[in-house]
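Note sheet for the following structure.
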Amino acid sequence: MAIDIKNKKPRDAAKSLEKGRIHILRNLDQGAEKIDEILEDFKQSIPLLKAIGISVNTVQFDFAAPPQLLASLAAKIDDTDPEVIQEYIDLHADKSLLVLILKGFMGAFEIRDKLECLGFNGLEADLKLTVPPSISVRMLEIA
């Protein structure tokens, strides 16, 4: 929302600035509410992720507009089973954040199978919990 205070009387300019401030604060509140919902979804996903061999290594919160939570996830290829991951996707189709995470790992498994000659035995993912959430998965060799 652009606020134009040129050629306005001081009282009108102050009103415009106040309206802009209120608009920004309202958007921040709405963003914080959405982040709270996403954070609750993530919290409920953690036991399910651990059960299939995906661990949460770090969590970082960025106070920004909109705020975001960043989480680093990891899995050893030998400790995770793509068939079990697919079962979890099917069982928990109503949990959109969990499905996003699991599909990210499934996609990495598919790519890893095609690049098996590189010897990657681990997966790491950066999960960005903002509006909308996203996941970036990379393959690596774990010693």
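Simple scheme: letters A, B, ... for chains in structure tokens order, numbers from 1 for residues in each chain, numbers from 1 for ligands in the order shown.
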Any chance you could tabulate, as JSON lines, the residues of stretch 92-112 of chain A at most 8 Å from stretch 127-136 of chain A with each one's nearest atom pair and distance in Å to one decimal, using only C-alpha atoms, in chain and rising number order?
```
{"residue": "A:Leu97", "atom": "CA", "partner": "A:Pro133", "partner_atom": "CA", "distance": 7.6}
{"residue": "A:Leu100", "atom": "CA", "partner": "A:Ile135", "partner_atom": "CA", "distance": 7.4}
{"residue": "A:Ile101", "atom": "CA", "partner": "A:Ile135", "partner_atom": "CA", "distance": 6.6}
{"residue": "A:Gly104", "atom": "CA", "partner": "A:Ile135", "partner_atom": "CA", "distance": 6.5}
```
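Excluding A:Ile52 itself and any same-chain residue fewer than 4 positions from it, the protein and nucleic acid residues within 12 Å of it, counting only C-alpha atoms, are Ser45, Ile46, Pro47, Leu48, Ala74, Ala75, Lys76, Ile77, Asp78, Asp79, Thr80, Asp81, Pro82, Glu83, Val84, Ile85, Gln86, Glu87, Tyr88, Ile89, Leu102 and Phe105 of chain A.
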* Non-local contacts of A:Leu73 (6 Å; only C-alpha atoms; under 4 positions in same chain excluded) as a list in words ->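 What passes the distance filter is Ser55, Val56, Asn57, Glu124 and Ala125 of chain A.
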